[in-house]
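Below is run35.txt, holding compact mmCIF, C-alpha atoms and all ligand atoms.
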```txt
# COMPACT_ATOMS: atom_id res chain seq x y z
CA MET A 1 65.25 106.12 71.98
CA GLN A 2 65.36 102.48 73.06
CA THR A 3 66.01 101.40 76.65
CA PHE A 4 67.89 98.19 77.41
CA LEU A 5 68.45 96.50 80.74
CA ILE A 6 71.79 94.68 80.84
CA ALA A 7 72.05 92.27 83.77
CA GLY A 8 75.72 91.56 84.34
CA GLY A 9 76.53 94.88 82.69
CA ALA A 10 79.69 95.43 84.75
CA GLY A 11 81.27 92.21 83.53
CA PHE A 12 83.64 91.68 80.62
CA ILE A 13 81.01 91.08 77.92
CA GLY A 14 78.27 93.14 79.61
CA SER A 15 80.38 96.31 79.83
CA HIS A 16 81.28 96.10 76.13
CA LEU A 17 77.59 95.71 75.34
CA CYS A 18 76.78 98.80 77.47
CA GLU A 19 79.39 100.77 75.52
CA LYS A 20 78.17 99.64 72.09
CA LEU A 21 74.49 100.38 72.81
CA LEU A 22 75.29 103.76 74.42
CA ASN A 23 77.28 104.65 71.29
CA ASP A 24 74.27 103.62 69.19
CA GLY A 25 72.15 106.15 71.14
CA SER A 26 70.28 103.83 73.51
CA LYS A 27 69.56 104.28 77.21
CA ILE A 28 71.14 101.61 79.42
CA ILE A 29 70.09 100.34 82.81
CA CYS A 30 73.05 98.30 84.00
CA VAL A 31 72.43 95.86 86.85
CA ASP A 32 75.22 93.92 88.53
CA ASN A 33 75.90 92.51 92.01
CA LEU A 34 79.66 92.99 91.37
CA ILE A 35 80.74 89.57 92.68
CA THR A 36 82.65 88.91 89.46
CA GLY A 37 82.03 92.16 87.54
CA SER A 38 83.83 95.38 88.37
CA ARG A 39 83.06 99.09 88.68
CA ASN A 40 86.23 99.82 86.69
CA ASN A 41 84.56 98.29 83.62
CA ILE A 42 81.76 100.88 83.69
CA GLU A 43 83.74 103.84 85.02
CA ALA A 44 83.86 105.47 81.58
CA PHE A 45 80.04 105.66 81.28
CA LYS A 46 79.18 106.98 84.73
CA ASN A 47 78.79 110.60 83.57
CA ASN A 48 76.70 109.61 80.54
CA SER A 49 73.11 110.74 81.22
CA ASN A 50 71.83 107.72 79.26
CA PHE A 51 73.55 105.31 81.66
CA ILE A 52 72.18 104.14 84.99
CA PHE A 53 73.95 101.63 87.23
CA ILE A 54 72.06 99.71 89.91
CA LYS A 55 74.03 97.43 92.22
CA TYR A 56 71.55 94.61 92.47
CA ASP A 57 71.33 90.85 92.68
CA ILE A 58 68.91 89.45 90.09
CA THR A 59 67.96 86.60 92.40
CA GLN A 60 65.94 89.29 94.22
CA ASN A 61 62.80 90.39 92.42
CA LEU A 62 63.48 93.56 90.45
CA LYS A 63 60.86 96.30 90.07
CA LEU A 64 61.66 99.15 87.70
CA PRO A 65 59.50 102.18 86.87
CA ASP A 66 61.05 102.65 83.42
CA GLU A 67 59.84 101.45 80.04
CA ILE A 68 62.18 98.73 78.81
CA ASP A 69 62.47 97.57 75.20
CA GLY A 70 64.94 94.75 75.71
CA ILE A 71 66.61 92.76 78.49
CA PHE A 72 69.98 91.02 78.18
CA HIS A 73 70.69 88.41 80.86
CA LEU A 74 74.49 88.13 81.10
CA ALA A 75 74.63 87.95 84.90
CA SER A 76 76.62 84.89 85.94
CA PRO A 77 80.12 83.93 87.00
CA ALA A 78 81.65 82.28 83.91
CA SER A 79 85.21 81.15 84.59
CA PRO A 80 85.71 77.44 85.32
CA ASN A 81 89.15 77.91 86.91
CA LYS A 82 89.02 76.84 90.55
CA LYS A 83 92.22 78.80 91.23
CA SER A 84 90.38 82.05 90.40
CA PRO A 85 88.56 83.94 93.18
CA ARG A 86 85.93 84.87 90.57
CA SER A 87 85.14 81.43 89.13
CA TYR A 88 81.86 79.59 89.21
CA ILE A 89 83.63 76.95 91.29
CA THR A 90 84.17 79.68 93.93
CA TYR A 91 80.50 80.73 93.58
CA PRO A 92 78.66 77.46 92.85
CA ILE A 93 75.33 78.30 94.53
CA GLU A 94 75.31 81.89 93.24
CA THR A 95 75.89 80.55 89.71
CA LEU A 96 72.99 78.11 89.91
CA LEU A 97 70.68 80.77 91.36
CA ALA A 98 71.64 83.51 88.87
CA ASN A 99 70.75 81.19 86.00
CA SER A 100 67.59 79.75 87.57
CA ILE A 101 65.85 82.27 89.88
CA GLY A 102 67.69 85.13 88.15
CA THR A 103 66.44 84.01 84.75
CA TYR A 104 62.92 83.55 86.15
CA ASN A 105 62.91 87.08 87.64
CA LEU A 106 64.19 88.69 84.45
CA LEU A 107 61.73 86.75 82.28
CA ASN A 108 58.88 87.99 84.47
CA LEU A 109 60.20 91.53 84.12
CA ALA A 110 60.34 91.09 80.33
CA LYS A 111 56.75 89.80 80.37
CA GLU A 112 55.57 92.76 82.47
CA LYS A 113 57.36 95.31 80.25
CA ARG A 114 56.62 93.49 76.97
CA ALA A 115 60.36 93.57 76.33
CA ARG A 116 62.51 91.31 74.19
CA PHE A 117 64.66 88.92 76.21
CA VAL A 118 68.15 87.70 75.27
CA TYR A 119 69.61 84.95 77.46
CA ALA A 120 73.36 84.36 77.54
CA SER A 121 73.76 80.61 77.42
CA SER A 122 77.07 78.96 76.72
CA SER A 123 78.97 76.42 74.66
CA GLU A 124 79.12 74.61 78.02
CA VAL A 125 75.61 73.26 77.35
CA TYR A 126 77.42 70.88 74.95
CA GLY A 127 79.72 69.69 77.78
CA ASN A 128 82.55 67.49 76.51
CA PRO A 129 81.14 67.11 72.99
CA SER A 130 81.26 63.88 71.03
CA VAL A 131 80.73 65.78 67.75
CA SER A 132 82.76 68.60 66.23
CA PRO A 133 81.96 71.25 65.24
CA GLN A 134 78.95 71.62 67.53
CA ASP A 135 75.75 72.80 65.90
CA GLU A 136 72.54 73.71 67.71
CA SER A 137 70.91 70.31 67.11
CA TYR A 138 73.51 68.56 69.31
CA PHE A 139 72.08 67.82 72.79
CA GLY A 140 75.43 67.74 74.56
CA ASN A 141 77.39 65.46 76.84
CA VAL A 142 77.18 67.01 80.30
CA SER A 143 77.78 65.59 83.77
CA PRO A 144 74.70 66.44 85.85
CA ASN A 145 76.68 66.60 89.10
CA GLY A 146 80.37 67.09 88.20
CA ILE A 147 82.45 70.10 89.21
CA ARG A 148 81.31 72.11 86.16
CA SER A 149 77.65 71.14 86.51
CA VAL A 150 76.74 74.30 88.44
CA TYR A 151 77.43 76.30 85.29
CA ASP A 152 76.52 73.74 82.60
CA GLU A 153 73.25 72.68 84.19
CA GLY A 154 72.55 76.27 85.24
CA LYS A 155 72.76 77.33 81.59
CA ARG A 156 70.69 74.35 80.45
CA PHE A 157 68.02 75.20 83.03
CA GLY A 158 68.13 78.86 81.93
CA GLU A 159 67.55 77.81 78.32
CA ALA A 160 64.64 75.56 79.34
CA MET A 161 63.06 78.38 81.39
CA THR A 162 63.50 80.88 78.54
CA MET A 163 61.88 78.50 76.03
CA ALA A 164 59.01 77.85 78.48
CA TYR A 165 58.21 81.60 78.52
CA PHE A 166 58.40 81.68 74.73
CA ARG A 167 56.07 78.68 74.38
CA LYS A 168 53.63 79.45 77.18
CA TYR A 169 53.41 83.28 76.97
CA ASP A 170 54.65 83.91 73.42
CA LEU A 171 57.37 86.11 74.99
CA ASP A 172 59.90 87.37 72.43
CA THR A 173 62.96 85.43 73.64
CA ARG A 174 66.31 84.70 72.03
CA ILE A 175 69.11 82.44 73.34
CA MET A 176 72.79 82.80 72.45
CA ARG A 177 75.30 80.06 73.21
CA ILE A 178 78.49 82.05 73.66
CA PHE A 179 81.78 80.29 72.84
CA ASN A 180 85.21 81.34 74.20
CA THR A 181 85.59 85.10 73.93
CA TYR A 182 88.58 87.27 74.78
CA GLY A 183 89.60 90.93 74.76
CA ASP A 184 90.14 93.98 76.90
CA ARG A 185 88.33 94.19 80.27
CA MET A 186 88.78 90.48 80.99
CA GLN A 187 89.71 90.26 84.65
CA LYS A 188 93.40 89.59 85.19
CA ASP A 189 92.59 87.00 87.86
CA ASP A 190 89.70 85.44 85.93
CA GLY A 191 91.72 82.27 85.36
CA ARG A 192 90.72 81.99 81.67
CA VAL A 193 93.32 80.68 79.28
CA VAL A 194 93.85 83.91 77.32
CA SER A 195 94.13 86.22 80.35
CA ASN A 196 96.33 83.72 82.22
CA PHE A 197 98.73 83.15 79.31
CA ILE A 198 99.07 86.86 78.45
CA ASN A 199 99.68 87.89 82.06
CA GLN A 200 102.18 85.08 82.56
CA ALA A 201 103.96 85.89 79.28
CA ILE A 202 104.30 89.65 79.82
CA LYS A 203 105.86 88.99 83.23
CA ASP A 204 108.15 86.23 81.91
CA ARG A 205 106.51 83.81 84.34
CA PRO A 206 105.84 80.14 83.45
CA ILE A 207 102.92 79.68 81.03
CA THR A 208 100.68 77.06 82.64
CA VAL A 209 99.25 74.59 80.12
CA TYR A 210 96.74 72.24 81.75
CA GLY A 211 97.00 68.61 80.61
CA ASN A 212 99.18 68.05 77.52
CA GLY A 213 97.63 71.04 75.72
CA SER A 214 96.02 68.99 72.96
CA GLN A 215 92.51 70.11 73.96
CA THR A 216 91.06 72.71 71.59
CA ARG A 217 89.09 75.93 71.89
CA SER A 218 87.87 78.42 69.27
CA PHE A 219 88.43 82.06 70.15
CA CYS A 220 86.24 85.03 69.31
CA PHE A 221 87.35 88.64 69.80
CA ILE A 222 84.97 90.68 71.96
CA ASP A 223 84.02 93.21 69.22
CA ASP A 224 82.82 90.40 66.96
CA LEU A 225 80.77 88.83 69.74
CA ILE A 226 79.16 92.18 70.62
CA ASP A 227 78.17 92.60 66.98
CA GLY A 228 76.47 89.19 67.11
CA ILE A 229 74.68 89.92 70.40
CA THR A 230 73.35 93.23 69.09
CA ARG A 231 72.15 91.60 65.87
CA LEU A 232 70.39 88.91 67.89
CA MET A 233 68.45 91.53 69.91
CA ILE A 234 67.37 93.66 66.96
CA SER A 235 66.63 90.97 64.37
CA ASP A 236 62.93 90.51 63.61
CA LYS A 237 63.63 86.91 62.56
CA ALA A 238 65.11 85.61 65.80
CA LYS A 239 62.06 85.28 68.08
CA GLY A 240 62.15 81.93 69.89
CA GLN A 241 65.54 81.05 68.39
CA PHE A 242 68.66 79.65 70.04
CA LEU A 243 72.02 79.85 68.32
CA ASN A 244 75.79 79.65 68.67
CA LEU A 245 77.86 82.85 68.72
CA GLY A 246 81.63 82.60 68.42
CA ASN A 247 84.49 82.27 66.00
CA PRO A 248 85.06 78.77 64.56
CA ASP A 249 88.83 79.33 64.30
CA GLU A 250 90.08 76.37 66.39
CA TYR A 251 93.44 76.06 68.19
CA THR A 252 94.99 73.59 70.59
CA ILE A 253 95.91 75.10 73.95
CA ILE A 254 99.60 74.42 73.35
CA GLU A 255 99.35 76.33 70.04
CA MET A 256 97.73 79.19 71.95
CA ALA A 257 100.59 79.19 74.49
CA ASN A 258 103.15 79.45 71.68
CA ILE A 259 101.22 82.15 69.78
CA ILE A 260 101.00 84.33 72.91
CA LYS A 261 104.63 83.65 73.80
CA ASN A 262 105.69 84.82 70.32
CA LEU A 263 103.41 87.88 70.20
CA THR A 264 104.68 89.09 73.59
CA LYS A 265 108.32 88.17 72.75
CA SER A 266 108.33 86.48 76.13
CA ASN A 267 111.09 84.46 77.78
CA SER A 268 108.53 82.39 79.70
CA GLU A 269 108.91 78.63 79.80
CA ILE A 270 105.84 76.52 79.08
CA VAL A 271 104.98 74.21 82.00
CA PHE A 272 102.36 71.47 82.19
CA GLU A 273 99.88 71.18 85.07
CA GLN A 274 97.04 68.79 85.84
CA LEU A 275 94.04 68.90 83.49
CA PRO A 276 90.96 70.09 85.45
CA GLU A 277 88.13 67.61 85.98
CA ASP A 278 85.60 67.42 83.08
CA ASP A 279 87.64 69.85 80.94
CA PRO A 280 86.14 69.53 77.42
CA LEU A 281 88.62 68.05 74.94
CA LYS A 282 87.39 70.03 71.96
CA ARG A 283 85.17 72.97 71.23
CA LYS A 284 84.34 74.58 67.90
CA PRO A 285 81.07 76.27 67.01
CA ASP A 286 79.12 75.69 63.85
CA ILE A 287 77.90 79.26 63.27
CA GLY A 288 75.84 78.52 60.14
CA LYS A 289 72.59 79.42 61.89
CA ALA A 290 73.86 82.83 63.09
CA ILE A 291 75.28 83.57 59.63
CA LYS A 292 71.98 82.74 57.94
CA LEU A 293 69.64 84.35 60.46
CA LEU A 294 71.65 87.41 61.52
CA GLY A 295 74.29 87.95 58.84
CA PHE A 296 76.82 87.38 61.66
CA ALA A 297 80.46 87.22 60.47
CA PRO A 298 83.39 87.36 62.89
CA LYS A 299 86.13 89.49 61.32
CA VAL A 300 88.99 89.87 63.79
CA ALA A 301 91.85 87.42 63.25
CA LEU A 302 93.36 85.83 66.35
CA ALA A 303 96.73 87.62 66.13
CA GLU A 304 95.03 91.01 65.71
CA GLY A 305 92.67 90.48 68.65
CA LEU A 306 95.46 89.11 70.84
CA LYS A 307 97.66 92.14 70.11
CA LYS A 308 94.89 94.46 71.34
CA THR A 309 94.34 92.31 74.42
CA ILE A 310 98.08 92.21 75.18
CA GLU A 311 98.21 96.03 75.00
CA TYR A 312 95.29 96.24 77.44
CA PHE A 313 96.98 93.99 79.99
CA LYS A 314 100.31 95.79 79.63
CA HIS A 315 98.62 99.05 80.61
CA ASN A 316 96.33 97.69 83.31
N1 LIG A 401 93.83 76.35 80.45
C1 LIG A 401 95.20 76.16 80.53
N2 LIG A 401 95.93 76.98 81.34
C2 LIG A 401 95.38 78.00 82.04
C3 LIG A 401 93.98 78.21 81.94
C4 LIG A 401 93.24 77.37 81.14
O1 LIG A 401 95.74 75.25 79.89
O2 LIG A 401 96.14 78.71 82.74
C5 LIG A 401 93.03 75.46 79.57
C6 LIG A 401 91.82 74.83 80.23
O3 LIG A 401 92.16 73.64 80.90
C7 LIG A 401 90.92 74.61 79.04
C8 LIG A 401 91.24 75.76 78.10
O4 LIG A 401 92.53 76.24 78.51
O5 LIG A 401 91.23 73.40 78.40
C9 LIG A 401 90.24 76.88 78.14
O6 LIG A 401 90.05 77.24 79.48
P1 LIG A 401 89.19 78.48 79.96
O7 LIG A 401 89.28 78.52 81.45
O8 LIG A 401 89.60 79.69 79.25
O9 LIG A 401 87.69 78.21 79.55
P2 LIG A 401 86.79 76.94 79.13
O10 LIG A 401 86.83 76.94 77.65
O11 LIG A 401 87.37 75.66 79.71
O12 LIG A 401 85.45 77.24 79.68
```
Mind turning this structure into structure tokens?
Ligand code: UDP
Amino acid sequence: MQTFLIAGGAGFIGSHLCEKLLNDGSKIICVDNLITGSRNNIEAFKNNSNFIFIKYDITQNLKLPDEIDGIFHLASPASPNKKSPRSYITYPIETLLANSIGTYNLLNLAKEKRARFVYASSSEVYGNPSVSPQDESYFGNVSPNGIRSVYDEGKRFGEAMTMAYFRKYDLDTRIMRIFNTYGDRMQKDDGRVVSNFINQAIKDRPITVYGNGSQTRSFCFIDDLIDGITRLMISDKAKGQFLNLGNPDEYTIIEMANIIKNLTKSNSEIVFEQLPEDDPLKRKPDIGKAIKLLGFAPKVALAEGLKKTIEYFKHN
């Protein structure tokens, strides 16, 4: 039986990863400081004898007696919406530290345990990209001190630190740049576009499009992303690699507002609010590397994934 440590395991993506690996028969040590994650997300696993939860902040050095085969570092606030109590704008210092000192601590743990290490980086390392789609050779267009820099530069530092451990200690590291992902267990007050629009639409409240809605994002359903993350950990070909994970299906934000309005049969009006500072104008992953290396292939169409997500929010 394999043992995995999932830092950020009580978050949206982390909790789905816990579930998938428990179902595959692995033992999970879930670590989370719960500033943006939630106990509700892991409630279903608490009686599973293969699941251990430790409320812990990864910026503190972590000592564990157990054997560990792999570590996933997903522990970071991730929403850019300053109106959300859970965003990285609300937790700027925590975000920088989770991705710097937190990454350093988890890399040292991986070195001590001879474990594989998967770091959750982000499409945000590309900033407001001047090329589209973005492939892994693009260095990005990031403000070093703008409002989003705590996350963008945090992720860029985390990548640099991870690659340093790969190069200096030959540690078995892998980096995934996660693009926009949606699905059940997103926090209602996360401030992300999908959760905001669905919750506004099902309550017939105004759907808030920021800017004129011509900016684009490409949306991946959670089950597809989890498949990619799992493949990245178990592949014997991915040591020292960094790659995009997401769905290249690209939509403007105004299209997204209309799709969600139609799927929920909502009476909401669409209103326009100020575009946040440094909001990227386009984002679309080139996933050629993940396809070739991992056999990754997102399968869930947007309408299908949104219907499942809408059902989740209607019942929660
Ligand atoms: N957005 C929007 N209305 C909202 C929330 C977000 O128009 O209520 C826009 C946001 O400005 C951005 C896009 O939707 O252009 C995606 O935002 P999100 O916060 O989901 O994540 P990002 O991709 O910017 O990290």
* Please identify every polymer residue within 8 Å of ligand LIG 401 (chain A), using only C-alpha atoms and all ligand atoms, and present the set as a PyMOL selection string. => chain A and resi 78-81+124+179-180+191-194+196-197+207-211+213+215-217+253-254+272-273+275-276+279-281+283
Contact table stretch 190-220 of chain A vs stretch 11-19 of chain A, cut-off 12 Å, shortest pair per residue, all atoms listed in the file, as a tab-separated table:
```
residue	atom	partner	partner_atom	distance
A:Asp190	CA	A:Phe12	CA	10.2
A:Ser195	CA	A:Phe12	CA	11.8
A:Cys220	CA	A:Ile13	CA	11.8
```
* Asked: Rounded to one decimal in Å, what is the spacing between atom CA of A:Leu97 and atom CA of A:Asn145?
  -> 15.6 Å
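Residues in contact with A:Gln241 at up to 12 Å, not including ones fewer than 5 positions away on its chain and judged by only C-alpha atoms, are A:Phe117, A:Val118, A:Tyr119, A:Glu136, A:Glu159, A:Thr162, A:Met163, A:Phe166, A:Arg167, A:Leu171, A:Asp172, A:Thr173, A:Arg174, A:Ile175, A:Met176, A:Arg177, A:Leu232, A:Met233, A:Ser235, A:Asp236, A:Lys289, A:Ala290, A:Leu293, A:Leu294.
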* **Who sits within 12 Å of A:Asn247, all atoms listed in the file, same chain under 6 positions skipped, as a ChimeraX atom specification** => /A:123,133,177-182,217-225,228,283-288,290-291,296-302,305
* Structure fact -> Across A:Lys113, A:Lys237, A:Lys261, A:Lys282, the smallest distance to A:Ile198, with all atoms listed in the file counted, is shown by A:Lys261
* Asked: From the set A:Leu243, A:Ala303, A:Ala115, A:Ala120, which residue has the shortest atom-to-atom contact distance to A:Leu263, counting all atoms listed in the file?
  -> A:Ala303
* Structure fact -> With distances taken over all atoms listed in the file, the candidate from A:Ser214, A:Asn199, A:Asn41, A:Asn108 nearest A:Tyr169 is A:Asn108
* Asked: Within 9 Å of A:Tyr138, counting all atoms listed in the file, which residues qualify if same-chain residues fewer than 5 places away don't, as a PyMOL selection string?
  -> chain A and resi 126+129+131
Those residues with C-alpha atoms, as a PDB file, in the frame of the given file please?
```pdb
ATOM      1  CA  TYR A 126      77.420  70.880  74.950  1.00  0.00           C
ATOM      2  CA  PRO A 129      81.140  67.110  72.990  1.00  0.00           C
ATOM      3  CA  VAL A 131      80.730  65.780  67.750  1.00  0.00           C
TER       4      VAL A 131
END
```
Output requested as a short mmCIF file (atom, residue, chain, number, x, y, z; two decimals), keeping the file's coordinate frame - stretch 94-129 of chain A, filled out with N, CA and C atoms.
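Final output, saved to selection24.cif:
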```
data_model
loop_
_atom_site.label_atom_id
_atom_site.label_comp_id
_atom_site.auth_asym_id
_atom_site.auth_seq_id
_atom_site.Cartn_x
_atom_site.Cartn_y
_atom_site.Cartn_z
N GLU A 94 75.67 80.62 93.90
CA GLU A 94 75.31 81.89 93.24
C GLU A 94 75.11 81.67 91.73
N THR A 95 75.97 80.81 91.15
CA THR A 95 75.89 80.55 89.71
C THR A 95 74.58 79.84 89.37
N LEU A 96 74.25 78.83 90.15
CA LEU A 96 72.99 78.11 89.91
C LEU A 96 71.79 79.05 90.07
N LEU A 97 71.83 79.90 91.10
CA LEU A 97 70.68 80.77 91.36
C LEU A 97 70.56 81.89 90.32
N ALA A 98 71.70 82.43 89.88
CA ALA A 98 71.64 83.51 88.87
C ALA A 98 71.00 82.99 87.58
N ASN A 99 71.26 81.74 87.25
CA ASN A 99 70.75 81.19 86.00
C ASN A 99 69.36 80.56 86.14
N SER A 100 68.94 80.31 87.37
CA SER A 100 67.59 79.75 87.57
C SER A 100 66.65 80.85 88.06
N ILE A 101 66.75 81.22 89.34
CA ILE A 101 65.85 82.27 89.88
C ILE A 101 66.11 83.60 89.15
N GLY A 102 67.37 83.89 88.86
CA GLY A 102 67.69 85.13 88.15
C GLY A 102 67.02 85.18 86.78
N THR A 103 67.08 84.07 86.07
CA THR A 103 66.44 84.01 84.75
C THR A 103 64.92 84.16 84.89
N TYR A 104 64.37 83.48 85.89
CA TYR A 104 62.92 83.55 86.15
C TYR A 104 62.50 85.00 86.43
N ASN A 105 63.26 85.68 87.30
CA ASN A 105 62.91 87.08 87.64
C ASN A 105 62.99 87.98 86.41
N LEU A 106 64.03 87.81 85.61
CA LEU A 106 64.19 88.69 84.45
C LEU A 106 63.16 88.37 83.36
N LEU A 107 62.79 87.10 83.24
CA LEU A 107 61.73 86.75 82.28
C LEU A 107 60.41 87.38 82.70
N ASN A 108 60.12 87.36 84.00
CA ASN A 108 58.88 87.99 84.47
C ASN A 108 58.90 89.49 84.22
N LEU A 109 60.07 90.09 84.40
CA LEU A 109 60.20 91.53 84.12
C LEU A 109 59.96 91.79 82.63
N ALA A 110 60.52 90.94 81.78
CA ALA A 110 60.34 91.09 80.33
C ALA A 110 58.85 90.95 79.97
N LYS A 111 58.18 90.03 80.63
CA LYS A 111 56.75 89.80 80.37
C LYS A 111 55.94 91.04 80.78
N GLU A 112 56.28 91.57 81.96
CA GLU A 112 55.57 92.76 82.47
C GLU A 112 55.79 93.96 81.54
N LYS A 113 57.03 94.13 81.07
CA LYS A 113 57.36 95.31 80.25
C LYS A 113 57.15 95.07 78.76
N ARG A 114 56.74 93.88 78.38
CA ARG A 114 56.62 93.49 76.97
C ARG A 114 57.94 93.74 76.23
N ALA A 115 59.01 93.34 76.88
CA ALA A 115 60.36 93.57 76.33
C ALA A 115 60.88 92.29 75.67
N ARG A 116 61.78 92.45 74.73
CA ARG A 116 62.51 91.31 74.19
C ARG A 116 63.48 90.80 75.25
N PHE A 117 63.79 89.51 75.20
CA PHE A 117 64.66 88.92 76.21
C PHE A 117 65.76 88.11 75.53
N VAL A 118 67.01 88.46 75.80
CA VAL A 118 68.15 87.70 75.27
C VAL A 118 68.88 87.02 76.43
N TYR A 119 68.94 85.71 76.40
CA TYR A 119 69.61 84.95 77.46
C TYR A 119 70.99 84.51 77.01
N ALA A 120 72.00 84.79 77.84
CA ALA A 120 73.36 84.36 77.54
C ALA A 120 73.56 82.93 78.03
N SER A 121 73.39 81.99 77.12
CA SER A 121 73.76 80.61 77.42
C SER A 121 75.21 80.43 77.00
N SER A 122 75.64 79.21 76.86
CA SER A 122 77.07 78.96 76.72
C SER A 122 77.33 77.71 75.91
N SER A 123 78.50 77.66 75.30
CA SER A 123 78.97 76.42 74.66
C SER A 123 79.04 75.29 75.68
N GLU A 124 79.06 75.64 76.97
CA GLU A 124 79.12 74.61 78.02
C GLU A 124 77.88 73.72 78.04
N VAL A 125 76.77 74.16 77.40
CA VAL A 125 75.61 73.26 77.35
C VAL A 125 75.94 72.01 76.53
N TYR A 126 76.99 72.07 75.72
CA TYR A 126 77.42 70.88 74.95
C TYR A 126 78.36 69.99 75.77
N GLY A 127 78.84 70.48 76.93
CA GLY A 127 79.72 69.69 77.78
C GLY A 127 81.00 69.29 77.05
N ASN A 128 81.39 68.03 77.23
CA ASN A 128 82.55 67.49 76.51
C ASN A 128 82.00 66.83 75.25
N PRO A 129 81.96 67.56 74.13
CA PRO A 129 81.14 67.11 72.99
C PRO A 129 81.71 65.90 72.27
#
```
